[in-house]
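Below is the file work39.txt, which contains compact mmCIF, C-alpha atoms.
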# COMPACT_ATOMS: atom_id res chain seq x y z
CA MET N 15 -31.65 -43.61 4.43
CA SER N 16 -32.97 -44.86 7.69
CA VAL N 17 -33.56 -42.43 10.52
CA VAL N 18 -30.72 -43.92 12.60
CA LEU N 19 -28.20 -43.38 9.81
CA ARG N 20 -29.33 -39.79 9.47
CA VAL N 21 -28.62 -38.94 13.11
CA PRO N 22 -24.94 -37.92 12.60
CA ALA N 23 -25.91 -35.60 9.75
CA TYR N 24 -28.58 -33.95 11.88
CA LEU N 25 -26.04 -33.49 14.68
CA GLY N 26 -23.91 -31.67 12.11
CA VAL N 27 -26.87 -29.52 11.10
CA GLY N 28 -27.40 -28.73 14.79
CA LEU N 29 -23.77 -27.61 15.10
CA VAL N 30 -24.17 -25.27 12.12
CA TYR N 31 -27.26 -23.74 13.74
CA LEU N 32 -25.30 -23.43 16.99
CA TYR N 33 -22.58 -21.57 15.11
CA ARG N 34 -25.14 -19.31 13.45
CA TYR N 35 -26.61 -18.08 16.71
CA THR N 36 -23.33 -17.82 18.63
CA LEU N 37 -20.09 -17.10 16.78
CA GLY N 38 -21.98 -16.06 13.66
CA VAL N 39 -23.63 -13.27 15.64
CA LEU N 40 -20.51 -12.24 17.51
CA PHE N 41 -18.48 -12.06 14.30
CA PRO N 42 -20.83 -10.61 11.73
CA GLY N 43 -20.03 -10.98 8.08
CA GLY N 44 -21.55 -11.76 4.75
CA CYS N 45 -20.99 -14.45 2.18
CA LYS N 46 -19.96 -14.22 -1.44
CA TYR N 47 -22.27 -17.01 -2.48
CA HIS N 48 -25.96 -17.71 -2.58
CA PRO N 49 -26.97 -19.63 -0.52
CA SER N 50 -24.55 -18.57 2.23
CA CYS N 51 -21.85 -20.99 3.41
CA SER N 52 -23.79 -21.98 6.55
CA GLN N 53 -26.96 -22.64 4.56
CA TYR N 54 -24.92 -24.63 2.03
CA ALA N 55 -23.50 -26.72 4.90
CA ILE N 56 -27.00 -27.44 6.21
CA ASP N 57 -28.25 -28.42 2.74
CA ALA N 58 -25.20 -30.57 2.04
CA LEU N 59 -25.46 -32.37 5.39
CA ARG N 60 -29.15 -33.08 4.87
CA GLU N 61 -28.69 -34.32 1.35
CA TYR N 62 -25.39 -36.20 1.46
CA GLY N 63 -24.93 -37.19 5.11
CA LEU N 64 -22.25 -36.26 7.62
CA VAL N 65 -19.03 -37.31 5.84
CA LYS N 66 -19.83 -36.05 2.35
CA GLY N 67 -21.65 -33.04 3.76
CA VAL N 68 -18.65 -31.98 5.84
CA ILE N 69 -16.33 -32.39 2.83
CA LEU N 70 -18.66 -30.37 0.60
CA ALA N 71 -19.10 -27.63 3.21
CA GLY N 72 -15.34 -27.50 3.80
CA TRP N 73 -14.68 -27.20 0.09
CA ARG N 74 -17.27 -24.43 -0.17
CA LEU N 75 -15.63 -22.53 2.71
CA LEU N 76 -12.27 -22.78 0.97
CA ARG N 77 -13.86 -21.41 -2.19
CA CYS N 78 -15.40 -18.52 -0.25
CA ASN N 79 -12.07 -16.68 -0.19
CA PRO N 80 -11.09 -13.14 -1.19
CA TRP N 81 -9.87 -14.30 -4.62
CA SER N 82 -13.03 -16.10 -5.69
CA LEU N 83 -15.89 -14.48 -7.55
CA GLY N 84 -18.79 -15.96 -5.58
CA GLY N 85 -22.11 -16.53 -7.28
CA VAL N 86 -25.02 -18.93 -7.14
CA ASP N 87 -24.01 -22.36 -5.89
CA TYR N 88 -26.46 -24.87 -4.43
CA ALA N 89 -25.45 -28.03 -2.60
CA HIS N 90 -27.40 -30.22 -5.06
CA GLN N 91 -25.34 -28.78 -7.92
CA GLN N 92 -22.13 -30.27 -6.51
CA ARG N 93 -19.94 -32.40 -8.80
CA LEU N 94 -17.62 -33.87 -6.18
CA PHE N 95 -19.79 -36.90 -5.43
CA LYS N 96 -21.81 -38.30 -8.30
CA MET G 22 -16.78 -29.21 27.74
CA ILE G 23 -16.17 -27.17 24.60
CA PRO G 24 -12.71 -26.01 25.73
CA LEU G 25 -11.85 -29.66 26.41
CA ILE G 26 -12.71 -30.67 22.83
CA LEU G 27 -11.09 -27.65 21.23
CA GLY G 28 -8.23 -27.49 23.70
CA SER G 29 -5.98 -30.17 22.26
CA PRO G 30 -5.92 -29.17 18.56
CA LEU G 31 -5.62 -25.51 19.54
CA THR G 32 -2.74 -26.02 21.99
CA PRO G 33 -0.06 -24.91 19.48
CA LEU G 34 -2.06 -21.77 18.75
CA GLU G 35 -2.61 -21.18 22.44
CA ASN G 36 1.15 -21.44 23.02
CA LEU G 37 1.85 -19.11 20.10
CA LEU G 38 -0.64 -16.55 21.35
CA ARG G 39 0.79 -16.82 24.85
CA ASN G 40 4.29 -16.22 23.48
CA VAL G 41 3.15 -13.20 21.49
CA LEU G 42 1.36 -11.78 24.54
CA GLU G 43 4.45 -12.44 26.68
CA TRP G 44 6.60 -10.70 24.07
CA PHE G 45 4.40 -7.62 24.13
CA HIS G 46 4.36 -7.71 27.92
CA GLY G 47 7.97 -8.64 28.62
CA THR G 48 9.99 -7.17 25.76
CA ILE G 49 7.86 -4.17 24.82
CA GLY G 50 6.81 -3.59 28.42
CA LEU G 51 3.05 -3.27 27.88
CA PRO G 52 0.65 -4.20 30.69
CA TRP G 53 -1.27 -7.41 29.91
CA ALA G 54 -4.44 -5.56 28.92
CA TRP G 55 -2.61 -3.43 26.36
CA ALA G 56 -0.77 -6.52 25.14
CA ILE G 57 -4.19 -8.00 24.28
CA VAL G 58 -5.08 -4.79 22.43
CA ALA G 59 -1.76 -5.02 20.56
CA VAL G 60 -2.37 -8.65 19.57
CA THR G 61 -5.86 -7.75 18.36
CA ILE G 62 -4.46 -4.92 16.26
CA CYS G 63 -1.86 -7.31 14.79
CA VAL G 64 -4.58 -9.78 13.76
CA ARG G 65 -6.61 -7.02 12.15
CA LEU G 66 -3.54 -5.55 10.43
CA LEU G 67 -2.94 -8.96 8.82
CA MET G 68 -6.49 -8.78 7.49
CA VAL G 69 -6.16 -5.27 6.03
CA PRO G 70 -5.23 -6.50 2.52
CA LEU G 71 -8.57 -8.33 2.44
CA ALA G 72 -10.39 -5.15 3.43
CA VAL G 73 -8.57 -3.24 0.68
CA LYS G 74 -9.68 -5.85 -1.83
CA GLN G 75 -13.25 -5.46 -0.66
CA ILE G 76 -13.08 -1.67 -0.90
CA HIS G 77 -11.88 -1.99 -4.50
CA SER G 78 -14.77 -4.31 -5.23
CA MET G 79 -17.22 -1.84 -3.66
CA GLN G 80 -15.77 0.99 -5.70
CA ALA G 81 -16.11 -1.04 -8.87
CA MET G 82 -19.70 -1.78 -7.88
CA GLN G 83 -20.60 1.92 -7.72
CA ALA G 84 -20.53 2.03 -11.50
CA HIS G 85 -23.16 -0.74 -11.62
CA MET G 86 -25.48 0.78 -9.02
CA PRO G 87 -28.42 1.55 -11.39
CA GLU G 88 -28.50 -2.02 -12.75
CA MET G 89 -28.31 -3.45 -9.24
CA LYS G 90 -31.15 -1.26 -8.04
CA ALA G 91 -33.19 -2.41 -11.02
CA ILE G 92 -32.64 -6.05 -10.02
CA GLN G 93 -33.60 -5.27 -6.43
CA GLN G 94 -36.77 -3.57 -7.64
CA ARG G 95 -37.69 -6.37 -10.04
CA TYR G 96 -37.46 -9.10 -7.39
CA LYS G 97 -38.69 -6.97 -4.52
CA ASN G 98 -40.94 -9.68 -3.06
CA ASP G 99 -38.84 -12.75 -3.84
CA LYS G 100 -35.81 -12.75 -1.55
CA GLN G 101 -34.43 -16.03 -2.91
CA LYS G 102 -34.65 -14.96 -6.56
CA ARG G 103 -33.29 -11.50 -5.74
CA ASN G 104 -30.20 -12.90 -4.06
CA GLU G 105 -29.68 -15.33 -6.91
CA GLU G 106 -29.93 -12.63 -9.55
CA LEU G 107 -27.68 -10.28 -7.60
CA MET G 108 -25.02 -12.98 -7.22
CA LYS G 109 -25.23 -13.75 -10.93
CA PHE G 110 -24.89 -10.06 -11.69
CA TYR G 111 -21.84 -9.76 -9.43
CA ARG G 112 -20.23 -12.73 -11.13
CA ASP G 113 -20.92 -11.48 -14.63
CA ASN G 114 -19.48 -8.07 -13.83
CA ASN G 115 -16.51 -9.33 -11.86
CA VAL G 116 -17.49 -7.52 -8.67
CA ASN G 117 -18.63 -8.83 -5.31
CA PRO G 118 -19.10 -6.46 -2.39
CA ALA G 119 -19.87 -9.25 0.09
CA ALA G 120 -17.15 -10.35 2.47
CA PRO G 121 -15.97 -13.95 2.00
CA CYS G 122 -16.45 -16.43 4.85
CA LEU G 123 -12.94 -17.90 5.02
CA PRO G 124 -11.12 -14.88 6.56
CA LEU G 125 -13.84 -14.72 9.18
CA LEU G 126 -13.08 -18.28 10.22
CA VAL G 127 -9.42 -17.35 10.76
CA GLN G 128 -10.52 -15.12 13.65
CA PHE G 129 -12.25 -17.90 15.60
CA PRO G 130 -9.17 -19.95 16.54
CA VAL G 131 -7.41 -16.77 17.70
CA PHE G 132 -10.42 -15.87 19.78
CA ILE G 133 -10.74 -19.34 21.34
CA ALA G 134 -6.98 -19.49 21.95
CA LEU G 135 -7.16 -16.13 23.74
CA TYR G 136 -9.98 -17.51 25.87
CA LEU G 137 -7.83 -20.52 26.77
CA VAL G 138 -4.80 -18.33 27.57
CA LEU G 139 -6.86 -16.05 29.82
CA ARG G 140 -8.39 -19.05 31.57
CA GLN G 141 -4.87 -20.30 32.22
CA PHE G 142 -3.88 -16.85 33.51
CA SER G 143 -6.76 -16.79 35.97
CA ARG G 144 -5.67 -20.18 37.36
CA HIS G 145 -1.96 -19.39 37.47
CA PRO G 146 -1.66 -15.59 37.47
CA PRO G 147 1.41 -14.42 35.57
CA GLY G 148 3.65 -11.71 37.00
CA GLY G 149 3.04 -8.12 36.08
CA ASP G 150 0.17 -5.71 35.90
CA LEU G 151 -3.19 -7.38 35.29
CA SER G 152 -5.24 -4.20 35.64
CA TRP G 153 -6.35 -1.79 32.94
CA PHE G 154 -6.51 1.99 33.30
CA GLY G 155 -5.15 1.82 36.82
CA SER G 156 -7.81 0.74 39.30
CA LEU G 157 -10.69 1.08 36.83
CA VAL G 158 -10.43 -2.55 35.70
CA PRO G 159 -8.68 -4.41 38.52
CA ASP G 160 -8.13 -7.83 36.91
CA ILE G 161 -8.51 -8.71 33.23
CA THR G 162 -8.54 -12.46 33.91
CA ALA G 163 -11.56 -12.16 36.23
CA HIS G 164 -15.11 -12.61 34.95
CA ALA G 165 -16.82 -9.53 33.64
CA ASN G 166 -19.37 -9.63 36.47
CA ALA G 167 -16.69 -9.56 39.18
CA HIS G 168 -16.40 -5.75 39.19
CA TRP G 169 -18.67 -2.90 38.08
CA SER G 170 -16.16 -1.93 35.39
CA GLY G 171 -16.93 -5.27 33.70
CA TYR G 172 -20.48 -4.08 33.10
CA LEU G 173 -19.17 -0.78 31.77
CA LEU G 174 -16.94 -2.69 29.36
CA LEU G 175 -19.87 -4.89 28.34
CA ALA G 176 -21.95 -1.78 27.63
CA ILE G 177 -19.13 -0.46 25.44
CA TYR G 178 -18.93 -3.89 23.84
CA VAL G 179 -22.65 -3.91 22.95
CA GLY G 180 -22.35 -0.43 21.45
CA SER G 181 -19.27 -1.34 19.43
CA GLN G 182 -20.86 -4.63 18.35
CA LEU G 183 -23.98 -2.88 17.07
CA ALA G 184 -21.84 -0.36 15.21
CA SER G 185 -19.62 -3.04 13.66
CA THR G 186 -22.64 -5.17 12.65
CA TYR G 187 -24.06 -2.05 11.03
CA PHE G 188 -20.96 -1.74 8.86
CA MET G 189 -20.37 -5.44 8.24
CA SER G 190 -23.89 -6.41 7.23
CA THR G 191 -24.36 -3.98 4.36
CA THR G 192 -25.14 -6.82 1.97
CA MET G 193 -27.80 -8.40 4.21
CA ASP G 194 -31.50 -7.80 4.00
CA LYS G 195 -33.30 -5.79 6.65
CA THR G 196 -34.85 -8.56 8.76
CA GLN G 197 -31.58 -10.46 8.95
CA ARG G 198 -29.78 -7.26 9.85
CA THR G 199 -32.21 -6.40 12.62
CA MET G 200 -31.78 -9.88 14.06
CA MET G 201 -28.01 -9.53 13.98
CA MET G 202 -28.36 -6.24 15.86
CA ILE G 203 -30.65 -7.64 18.58
CA LEU G 204 -28.83 -10.91 19.29
CA PRO G 205 -25.65 -9.40 20.83
CA ILE G 206 -27.81 -7.82 23.54
CA ALA G 207 -29.36 -11.20 24.27
CA PHE G 208 -25.82 -12.55 24.72
CA VAL G 209 -24.88 -10.22 27.55
CA PRO G 210 -25.97 -12.64 30.34
CA VAL G 211 -23.62 -15.25 28.82
CA LEU G 212 -20.76 -12.82 28.23
CA VAL G 213 -20.85 -11.79 31.89
CA ASN G 214 -19.06 -15.06 32.64
CA PHE G 215 -16.27 -14.39 30.14
CA PRO G 216 -12.89 -13.00 31.23
CA VAL G 217 -12.58 -9.22 30.94
CA GLY G 218 -9.56 -9.64 28.65
CA LEU G 219 -11.76 -11.30 26.06
CA VAL G 220 -14.19 -8.38 26.19
CA ILE G 221 -11.19 -6.10 25.60
CA TYR G 222 -10.36 -8.15 22.50
CA TRP G 223 -13.95 -7.82 21.28
CA VAL G 224 -14.18 -4.10 21.88
CA THR G 225 -10.86 -3.54 20.09
CA THR G 226 -11.74 -5.65 17.07
CA ASN G 227 -15.20 -4.06 16.81
CA LEU G 228 -13.81 -0.55 17.00
CA TRP G 229 -11.33 -1.49 14.29
CA THR G 230 -14.22 -2.72 12.12
CA VAL G 231 -16.07 0.55 12.70
CA GLY G 232 -12.98 2.60 11.80
CA GLN G 233 -12.45 0.51 8.70
CA GLY G 234 -16.13 0.90 7.81
CA LEU G 235 -15.94 4.68 8.15
CA ILE G 236 -12.85 4.81 5.94
CA THR G 237 -14.54 2.53 3.39
CA ARG G 238 -17.57 4.82 3.30
CA ARG G 239 -15.34 7.80 2.64
CA LEU G 240 -13.42 6.05 -0.10
CA VAL G 241 -16.25 4.36 -1.94
CA PRO G 242 -18.41 7.20 -3.33
CA LYS G 243 -15.37 9.22 -4.41
CA LYS G 244 -14.20 6.73 -6.96
CA ALA G 245 -17.57 6.37 -8.65
CA PRO G 246 -17.16 9.13 -11.27
CA PRO G 247 -13.62 8.33 -12.49
CA ALA G 248 -14.66 4.90 -13.77
CA PRO G 249 -16.32 6.13 -17.00
CA LYS G 250 -13.76 8.93 -17.34
CA ARG G 251 -10.92 6.48 -17.45
CA SER G 252 -12.38 4.67 -20.40
CA SER G 253 -12.81 7.94 -22.27
CA ARG G 254 -9.36 9.06 -21.36
CA THR G 255 -7.56 6.05 -22.71
CA PRO G 256 -8.50 6.38 -26.40
CA PRO G 257 -7.01 9.90 -26.80
CA LYS G 258 -3.81 8.59 -25.25
CA GLU G 259 -3.71 5.79 -27.74
CA GLU G 260 -4.35 8.29 -30.51
CA ALA G 261 -1.68 10.58 -29.20
CA GLN G 262 0.90 7.85 -28.96
CA PRO G 263 0.80 6.81 -32.62
CA LYS G 264 1.11 10.48 -33.55
CA ASP G 265 4.28 10.77 -31.56
CA ASP G 266 5.53 7.52 -33.00
CA GLY G 267 4.57 8.70 -36.43
CA ALA G 268 6.49 11.90 -36.02
CA ALA G 269 9.62 10.19 -34.80
CA PRO G 270 9.98 7.77 -37.74
CA ALA G 271 9.30 10.62 -40.17
CA ALA G 272 12.17 12.56 -38.68
CA SER G 273 14.45 9.56 -38.61
CA ALA G 274 13.41 8.46 -42.10
CA GLU G 275 15.52 11.27 -43.54
CA SER G 276 18.55 10.03 -41.68
CA LYS G 277 18.03 6.35 -42.36
CA PRO G 278 21.53 5.67 -43.73
CA ALA G 279 23.12 6.90 -40.54
CA ALA G 280 21.34 4.43 -38.33
CA PRO G 281 23.81 4.42 -35.38
CA ALA G 282 23.58 8.16 -35.07
CA GLN G 283 19.81 8.07 -34.66
CA PRO G 284 19.51 8.21 -30.91
CA ARG G 285 21.91 11.12 -30.69
CA ARG G 286 19.95 13.17 -33.20
CA VAL G 287 16.73 12.50 -31.38
CA LYS G 288 18.30 13.62 -28.14
CA ARG G 289 19.58 16.82 -29.73
CA LYS G 290 16.15 17.55 -31.13
CA LYS G 291 14.57 17.07 -27.75
CA LYS G 292 17.08 19.34 -26.11
CA LYS G 293 16.47 22.01 -28.72
CA ALA G 294 12.76 21.75 -28.21
CA ARG G 295 13.18 22.15 -24.48
CA ARG G 296 15.42 25.16 -24.87

Encoded form (structure tokens):
Amino acid sequence: MSVVLRVPAYLGVGLVYLYRYTLGVLFPGGCKYHPSCSQYAIDALREYGLVKGVILAGWRLLRCNPWSLGGVDYAHQQRLFK
Amino acid sequence: MIPLILGSPLTPLENLLRNVLEWFHGTIGLPWAWAIVAVTICVRLLMVPLAVKQIHSMQAMQAHMPEMKAIQQRYKNDKQKRNEELMKFYRDNNVNPAAPCLPLLVQFPVFIALYLVLRQFSRHPPGGDLSWFGSLVPDITAHANAHWSGYLLLAIYVGSQLASTYFMSTTMDKTQRTMMMILPIAFVPVLVNFPVGLVIYWVTTNLWTVGQGLITRRLVPKKAPPAPKRSSRTPPKEEAQPKDDGAAPAASAESKPAAPAQPRRVKRKKKKARR
């Protein structure tokens, strides 16, 4: 991907970092998965771009609910977009 | 800028929150500050079932403590591998003490909506008492730096935030935890420009977290021993039940021809035994 096309994804990554050091600090919590949801979002955005990355991160957040078991789940292991 | 972007999709929530606050203020008769406390308590009450679920998970985890410590020892120097192995272990054993992310996200819209409502209040002050504890906090819609009590509240906020982070970040590693404890202090210069009412929300929700954490701590170690006991208790019960069943058919086997009369005879026997 060219650098220009990557810009939206990096803006997304920037937003996740912004969340991490603002709301993430003010509302502390853990994550049921490894890597954590915010790290997963960063990985997914870097690897799959803004649109797919946001969908993957959103799906991960929905899975990170009280009824799920958690576990090891990397962005590159996703099966949504092949 | 941020309120402008978030303002439009959050307008329904802002209106809902405003209505709830107005209900607490108008119908119940609470001053605005206490109405905020009440709303905060309502949000946290809705989240109690999640906390209960987590407590159960923590209790179940107590039984696996030795194995978990072994994993932590084995991958002492490899944080990545340690987390991976721990998560695998949790999954295999059907326990996970870590809090999920989704319920956390539910709190953000409420928080931002409260910010928007308070901003609206400071522009168009609603009727009624806007102070808290008499003249101690004169106006909850004013910025925290407008009155000395704002700084007092911020100090309480920092304390409660540190305490709640301490309870919430039990699954984090030490460096991450230390960072999470230091950052809230670095935020104080920013928070000074937030409405006092929002600080009230924060203090309330943090104190709730601390209370919940203290209760969790009390509950968790207690349940550790019964876990193996339960498994040993169940087999005798199963053994005892067939015995009872075995005795009953033996008694009724004699009276097999008189099938309809069976229940009555059993009842009589029981009564005799009791007498």

**Message:** as a VMD selection string, please: the residues near range 51-59 of chain N (cut-off 7 Å, only C-alpha atoms, same-chain neighbours under 3 positions excluded).
**Reply:** chain N and resid 23 26 to 27 30 45 62 to 64 67 to 68 70 to 71 74 to 75 88 to 89

**Request:** Can you pull out every residue within 12 Å of Pro80 in chain N, counting all atoms listed in the file, but drop anything in the same chain fewer than 6 positions away, and send it as an NGL selection string?
**Result:** (:N and (45-47)) or (:G and (68-78 or 116-125))

**Prompt:** What lies within 10 Å of range 196-211 of chain G using all atoms listed in the file, ignoring chain neighbours under 6 positions off, as number ranges by chain?
**Reply:** N: 35-36, 38-42; G: 166, 172, 175-176, 178-180, 182-187, 189-190

**Request:** Find the residues near Tyr136 in chain G: any atom within 9 Å, counting all atoms listed in the file, skip ones fewer than 6 places away on the same chain, and give them as a PyMOL selection string.
**Result:** chain G and resi 24+35+215-216+218-219

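Taking CA of Phe45 in chain G and CA of Thr162 in chain G as endpoints, the distance between them is 16.9 Å.
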
**Asked** How many Å separate CA of His90 in chain N from CA of Arg60 in chain N?
**Response** 10.5 Å

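Here CA of Thr32 in chain G stands at a distance of 20.3 Å from CA of Trp53 in chain G.
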
Completion step: range 192-225 of chain G with N, CA and C atoms as a compact mmCIF listing (two decimals), keeping the file's coordinate frame:
# COMPACT_ATOMS: atom_id res chain seq x y z
N THR G 192 -24.58 -6.03 3.07
CA THR G 192 -25.14 -6.82 1.97
C THR G 192 -26.34 -7.66 2.42
N MET G 193 -26.67 -7.59 3.72
CA MET G 193 -27.80 -8.40 4.21
C MET G 193 -29.12 -7.68 3.98
N ASP G 194 -30.20 -8.47 4.08
CA ASP G 194 -31.50 -7.80 4.00
C ASP G 194 -31.92 -7.33 5.40
N LYS G 195 -32.97 -6.53 5.43
CA LYS G 195 -33.30 -5.79 6.65
C LYS G 195 -33.63 -6.68 7.84
N THR G 196 -34.44 -7.72 7.63
CA THR G 196 -34.85 -8.56 8.76
C THR G 196 -33.66 -9.26 9.38
N GLN G 197 -32.78 -9.76 8.49
CA GLN G 197 -31.58 -10.46 8.95
C GLN G 197 -30.69 -9.50 9.74
N ARG G 198 -30.61 -8.27 9.23
CA ARG G 198 -29.78 -7.26 9.85
C ARG G 198 -30.30 -6.90 11.23
N THR G 199 -31.61 -6.74 11.34
CA THR G 199 -32.21 -6.40 12.62
C THR G 199 -31.93 -7.50 13.63
N MET G 200 -32.04 -8.76 13.18
CA MET G 200 -31.78 -9.88 14.06
C MET G 200 -30.34 -9.86 14.56
N MET G 201 -29.43 -9.57 13.63
CA MET G 201 -28.01 -9.53 13.98
C MET G 201 -27.70 -8.39 14.95
N MET G 202 -28.56 -7.37 14.95
CA MET G 202 -28.36 -6.24 15.86
C MET G 202 -28.93 -6.56 17.24
N ILE G 203 -29.99 -7.36 17.29
CA ILE G 203 -30.65 -7.64 18.58
C ILE G 203 -29.91 -8.75 19.35
N LEU G 204 -29.44 -9.75 18.62
CA LEU G 204 -28.83 -10.91 19.29
C LEU G 204 -27.67 -10.59 20.24
N PRO G 205 -26.75 -9.67 19.89
CA PRO G 205 -25.65 -9.40 20.83
C PRO G 205 -26.14 -8.97 22.20
N ILE G 206 -27.27 -8.25 22.25
CA ILE G 206 -27.81 -7.82 23.54
C ILE G 206 -28.29 -9.04 24.33
N ALA G 207 -28.89 -9.98 23.61
CA ALA G 207 -29.36 -11.20 24.27
C ALA G 207 -28.20 -12.02 24.82
N PHE G 208 -27.00 -11.78 24.29
CA PHE G 208 -25.82 -12.55 24.72
C PHE G 208 -25.21 -12.05 26.01
N VAL G 209 -25.56 -10.83 26.41
CA VAL G 209 -24.88 -10.22 27.55
C VAL G 209 -24.88 -11.12 28.80
N PRO G 210 -26.00 -11.77 29.16
CA PRO G 210 -25.97 -12.64 30.34
C PRO G 210 -24.94 -13.76 30.24
N VAL G 211 -24.64 -14.20 29.02
CA VAL G 211 -23.62 -15.25 28.82
C VAL G 211 -22.23 -14.62 28.92
N LEU G 212 -22.07 -13.47 28.31
CA LEU G 212 -20.76 -12.82 28.23
C LEU G 212 -20.26 -12.37 29.60
N VAL G 213 -21.20 -12.21 30.54
CA VAL G 213 -20.85 -11.79 31.89
C VAL G 213 -19.87 -12.77 32.52
N ASN G 214 -19.94 -14.03 32.09
CA ASN G 214 -19.06 -15.06 32.64
C ASN G 214 -17.75 -15.22 31.87
N PHE G 215 -17.51 -14.33 30.91
CA PHE G 215 -16.27 -14.39 30.14
C PHE G 215 -15.22 -13.51 30.81
N PRO G 216 -13.92 -13.86 30.64
CA PRO G 216 -12.89 -13.00 31.23
C PRO G 216 -12.90 -11.60 30.59
N VAL G 217 -12.57 -10.61 31.41
CA VAL G 217 -12.58 -9.22 30.94
C VAL G 217 -11.66 -9.04 29.73
N GLY G 218 -10.52 -9.76 29.75
CA GLY G 218 -9.56 -9.64 28.65
C GLY G 218 -10.18 -9.96 27.30
N LEU G 219 -11.10 -10.92 27.30
CA LEU G 219 -11.76 -11.30 26.06
C LEU G 219 -12.70 -10.19 25.57
N VAL G 220 -13.33 -9.52 26.54
CA VAL G 220 -14.19 -8.38 26.19
C VAL G 220 -13.33 -7.27 25.59
N ILE G 221 -12.11 -7.11 26.14
CA ILE G 221 -11.19 -6.10 25.60
C ILE G 221 -10.87 -6.43 24.14
N TYR G 222 -10.63 -7.72 23.88
CA TYR G 222 -10.36 -8.15 22.50
C TYR G 222 -11.55 -7.78 21.60
N TRP G 223 -12.74 -8.08 22.06
CA TRP G 223 -13.95 -7.82 21.28
C TRP G 223 -14.12 -6.35 20.97
N VAL G 224 -13.99 -5.54 22.06
CA VAL G 224 -14.18 -4.10 21.88
C VAL G 224 -13.17 -3.58 20.86
N THR G 225 -11.90 -4.02 21.00
CA THR G 225 -10.86 -3.54 20.09
C THR G 225 -11.17 -3.92 18.65
